[in-house]
$ cat query-v4.pdb   # PDB, C-alpha atoms, pLDDT in the B column
ATOM      1  CA  MET M   1      18.192 112.233-121.872  1.00 70.00           C
ATOM      2  CA  ALA M   2      18.208 109.046-119.768  1.00 72.00           C
ATOM      3  CA  LEU M   3      21.387 107.852-121.474  1.00 76.00           C
ATOM      4  CA  ASP M   4      23.130 111.103-120.644  1.00 78.00           C
ATOM      5  CA  ALA M   5      21.999 110.919-117.000  1.00 79.00           C
ATOM      6  CA  ILE M   6      22.686 107.250-116.248  1.00 82.00           C
ATOM      7  CA  ARG M   7      25.814 106.381-114.323  1.00 84.00           C
ATOM      8  CA  PRO M   8      28.364 104.032-115.884  1.00 87.00           C
ATOM      9  CA  GLY M   9      27.188 100.458-115.380  1.00 87.00           C
ATOM     10  CA  GLY M  10      23.594 101.610-114.786  1.00 86.00           C
ATOM     11  CA  THR M  11      20.326 100.483-116.315  1.00 84.00           C
ATOM     12  CA  VAL M  12      17.660 102.424-118.217  1.00 82.00           C
ATOM     13  CA  VAL M  13      14.189 100.901-117.774  1.00 79.00           C
ATOM     14  CA  THR M  14      11.422 101.946-120.120  1.00 77.00           C
ATOM     15  CA  PHE M  15       7.749 101.100-120.078  1.00 71.00           C
ATOM     16  CA  GLY M  16       4.684 102.607-121.676  1.00 66.00           C
ATOM     17  CA  VAL M  17       4.679 104.426-124.996  1.00 64.00           C
ATOM     18  CA  LEU M  18       2.758 107.647-125.576  1.00 58.00           C
ATOM     19  CA  GLY M  19       2.176 109.292-128.886  1.00 59.00           C
ATOM     20  CA  ARG M  20       1.746 107.961-132.376  1.00 65.00           C
ATOM     21  CA  SER M  21       5.294 106.812-133.000  1.00 68.00           C
ATOM     22  CA  SER M  22       7.168 104.192-131.038  1.00 69.00           C
ATOM     23  CA  THR M  23      10.362 104.703-133.057  1.00 75.00           C
ATOM     24  CA  LEU M  24      13.411 106.146-131.358  1.00 73.00           C
ATOM     25  CA  GLN M  25      16.947 106.711-132.600  1.00 80.00           C
ATOM     26  CA  ILE M  26      19.674 105.844-130.100  1.00 81.00           C
ATOM     27  CA  ASP M  27      23.410 106.253-130.402  1.00 83.00           C
ATOM     28  CA  ILE M  28      24.309 102.678-129.431  1.00 85.00           C
ATOM     29  CA  ARG M  29      27.868 103.740-128.590  1.00 86.00           C
ATOM     30  CA  LYS M  30      26.543 105.382-125.418  1.00 81.00           C
ATOM     31  CA  PHE M  31      25.611 101.930-124.140  1.00 82.00           C
ATOM     32  CA  TYR M  32      28.974 100.416-124.915  1.00 84.00           C
ATOM     33  CA  LEU M  33      31.107 103.305-123.725  1.00 85.00           C
ATOM     34  CA  ARG M  34      29.258 103.630-120.413  1.00 84.00           C
ATOM     35  CA  HIS M  35      28.584  99.905-119.896  1.00 88.00           C
ATOM     36  CA  THR M  36      24.841 100.488-119.503  1.00 88.00           C
ATOM     37  CA  ARG M  37      21.795  98.328-120.154  1.00 85.00           C
ATOM     38  CA  LEU M  38      18.333  99.014-121.588  1.00 83.00           C
ATOM     39  CA  ILE M  39      15.351  97.037-120.345  1.00 80.00           C
ATOM     40  CA  GLY M  40      11.917  97.400-121.899  1.00 77.00           C
ATOM     41  CA  ILE M  41       8.787  96.257-120.080  1.00 72.00           C
ATOM     42  CA  HIS M  42       5.423  95.863-121.755  1.00 70.00           C
ATOM     43  CA  ASN M  43       2.248  95.367-119.756  1.00 68.00           C
ATOM     44  CA  ALA M  44       4.123  94.581-116.557  1.00 66.00           C
ATOM     45  CA  ALA M  45       2.538  93.021-113.497  1.00 76.00           C
ATOM     46  CA  LYS M  46       1.885  95.193-110.454  1.00 79.00           C
ATOM     47  CA  SER M  47       4.708  93.394-108.661  1.00 84.00           C
ATOM     48  CA  TYR M  48       7.221  94.686-111.266  1.00 78.00           C
ATOM     49  CA  LEU M  49       6.001  98.245-110.849  1.00 78.00           C
ATOM     50  CA  ARG M  50       6.097  97.907-107.056  1.00 85.00           C
ATOM     51  CA  GLU M  51       9.660  96.551-107.260  1.00 84.00           C
ATOM     52  CA  ALA M  52      10.746  99.414-109.532  1.00 81.00           C
ATOM     53  CA  ILE M  53       9.256 102.013-107.176  1.00 83.00           C
ATOM     54  CA  GLU M  54      10.891 100.415-104.127  1.00 89.00           C
ATOM     55  CA  PHE M  55      14.234 100.386-105.958  1.00 86.00           C
ATOM     56  CA  MET M  56      13.935 104.061-106.868  1.00 84.00           C
ATOM     57  CA  VAL M  57      12.954 105.056-103.324  1.00 89.00           C
ATOM     58  CA  SER M  58      15.810 103.077-101.772  1.00 93.00           C
ATOM     59  CA  ARG M  59      18.325 104.737-104.134  1.00 89.00           C
ATOM     60  CA  GLY M  60      16.895 108.249-103.797  1.00 86.00           C
ATOM     61  CA  VAL M  61      15.834 108.415-107.461  1.00 83.00           C
ATOM     62  CA  LYS M  62      13.186 111.070-108.053  1.00 81.00           C
ATOM     63  CA  PRO M  63      11.120 111.511-111.212  1.00 81.00           C
ATOM     64  CA  PHE M  64      11.437 114.724-113.191  1.00 84.00           C
ATOM     65  CA  ILE M  65       8.059 116.441-112.887  1.00 87.00           C
ATOM     66  CA  SER M  66       7.642 118.891-115.733  1.00 86.00           C
ATOM     67  CA  ARG M  67       4.154 120.095-114.883  1.00 86.00           C
ATOM     68  CA  VAL M  68       1.536 119.983-112.138  1.00 89.00           C
ATOM     69  CA  ALA M  69      -2.008 120.696-113.284  1.00 88.00           C
ATOM     70  CA  THR M  70      -5.603 120.279-112.196  1.00 88.00           C
ATOM     71  CA  VAL M  71      -7.972 117.593-113.414  1.00 87.00           C
ATOM     72  CA  LYS M  72      -9.861 120.318-115.282  1.00 88.00           C
ATOM     73  CA  GLU M  73      -6.801 120.675-117.535  1.00 87.00           C
ATOM     74  CA  ALA M  74      -6.799 116.952-118.447  1.00 86.00           C
ATOM     75  CA  PRO M  75      -7.874 117.383-122.105  1.00 88.00           C
ATOM     76  CA  SER M  76      -5.102 119.889-122.860  1.00 87.00           C
ATOM     77  CA  LEU M  77      -2.564 117.765-120.959  1.00 85.00           C
ATOM     78  CA  HIS M  78      -3.475 114.709-123.030  1.00 83.00           C
ATOM     79  CA  GLU M  79      -2.983 116.736-126.219  1.00 85.00           C
ATOM     80  CA  LEU M  80       0.381 117.926-124.937  1.00 84.00           C
ATOM     81  CA  MET M  81       1.517 114.371-124.103  1.00 81.00           C
ATOM     82  CA  GLU M  82       0.272 112.958-127.415  1.00 83.00           C
ATOM     83  CA  SER M  83       2.199 115.644-129.301  1.00 84.00           C
ATOM     84  CA  ARG M  84       5.293 114.571-127.340  1.00 79.00           C
ATOM     85  CA  GLY M  85       5.519 118.046-125.825  1.00 76.00           C
ATOM     86  CA  VAL M  86       6.355 116.758-122.340  1.00 80.00           C
ATOM     87  CA  VAL M  87       9.741 115.860-120.919  1.00 80.00           C
ATOM     88  CA  GLY M  88       9.370 113.962-117.657  1.00 81.00           C
ATOM     89  CA  LYS M  89       6.091 113.437-115.851  1.00 82.00           C
ATOM     90  CA  VAL M  90       2.854 115.358-115.607  1.00 84.00           C
ATOM     91  CA  VAL M  91       1.026 115.245-112.275  1.00 86.00           C
ATOM     92  CA  MET M  92      -2.695 115.951-112.091  1.00 85.00           C
ATOM     93  CA  ILE M  93      -4.211 117.056-108.819  1.00 87.00           C
ATOM     94  CA  HIS M  94      -7.847 117.383-107.863  1.00 82.00           C
ATOM     95  CA  GLU M  95      -8.945 120.599-106.242  1.00 76.00           C
ATOM     96  CA  TRP M  96     -11.430 119.583-103.582  1.00 73.00           C
ATOM     97  CA  ASP M  97     -14.097 122.158-102.744  1.00 63.00           C
TER      98      ASP M  97
END
$ encode --input "query-v4.pdb" --output "structure tokens"
Amino acid sequence: MALDAIRPGGTVVTFGVLGRSSTLQIDIRKFYLRHTRLIGIHNAAKSYLREAIEFMVSRGVKPFISRVATVKEAPSLHELMESRGVVGKVVMIHEWD
């Protein structure tokens, strides 16, 4: 989905892998035809994450939030993420009494 959404000349940055499989099939022609780049980050320093967030905020990039749930739903959300049943991000909120 990121390759279809990226502008020509843009960059796709990926970090963190959920689920049992880290294998992904990519049509490499999408990179060449749209002049895009793929950058993978493993175990990045806080400064890299901070820089990525600042970049996204300055460009108006917003994450796709697929679900907002309470902390009580955490076990079922983890199962959903591990089964790769989530597209985008899941946000957990705490309901304060």
$ axis_aligned_box --input "query-v4.pdb" --around "segment 5-10 of chain M" --padding-each-side "5 Å" --output "JSON"
{"center_x": 25.2, "center_y": 105.7, "center_z": -115.7, "size_x": 16.4, "size_y": 20.5, "size_z": 12.7}
$ atom_distance --input "query-v4.pdb" --atom1 "atom CA of Gly10 of chain M" --atom2 "atom CA of Tyr48 of chain M"
18.1 Å
$ atom_distance --input "query-v4.pdb" --atom1 "atom CA of Val87 of chain M" --atom2 "atom CA of Thr36 of chain M"
21.6 Å
$ closest_residue --input "query-v4.pdb" --among "M:Val68, M:Leu77, M:Asp4, M:Val13" --to "His94 of chain M" --atoms "all atoms listed in the file"
M:Val68
$ atom_distance --input "query-v4.pdb" --atom1 "atom CA of Leu3 of chain M" --atom2 "atom CA of Leu80 of chain M"
23.6 Å
$ decode --input "query-v4.pdb" --residues "segment 36-51 of chain M" --atoms "C-alpha atoms" --output "tab-separated table (two decimals), in the first residue's frame"
chain	number	residue	atom	x	y	z
M	36	THR	CA	11.26	5.91	-5.11
M	37	ARG	CA	13.51	4.61	-2.34
M	38	LEU	CA	13.05	2.07	0.46
M	39	ILE	CA	14.86	2.55	3.75
M	40	GLY	CA	14.73	-0.05	6.50
M	41	ILE	CA	15.63	0.81	10.09
M	42	HIS	CA	16.28	-1.78	12.76
M	43	ASN	CA	16.51	-0.85	16.42
M	44	ALA	CA	16.84	2.86	15.69
M	45	ALA	CA	17.97	5.43	18.22
M	46	LYS	CA	15.40	7.79	19.72
M	47	SER	CA	16.92	10.61	17.68
M	48	TYR	CA	15.98	8.80	14.42
M	49	LEU	CA	12.41	8.32	15.58
M	50	ARG	CA	12.21	11.96	16.70
M	51	GLU	CA	13.56	13.08	13.31
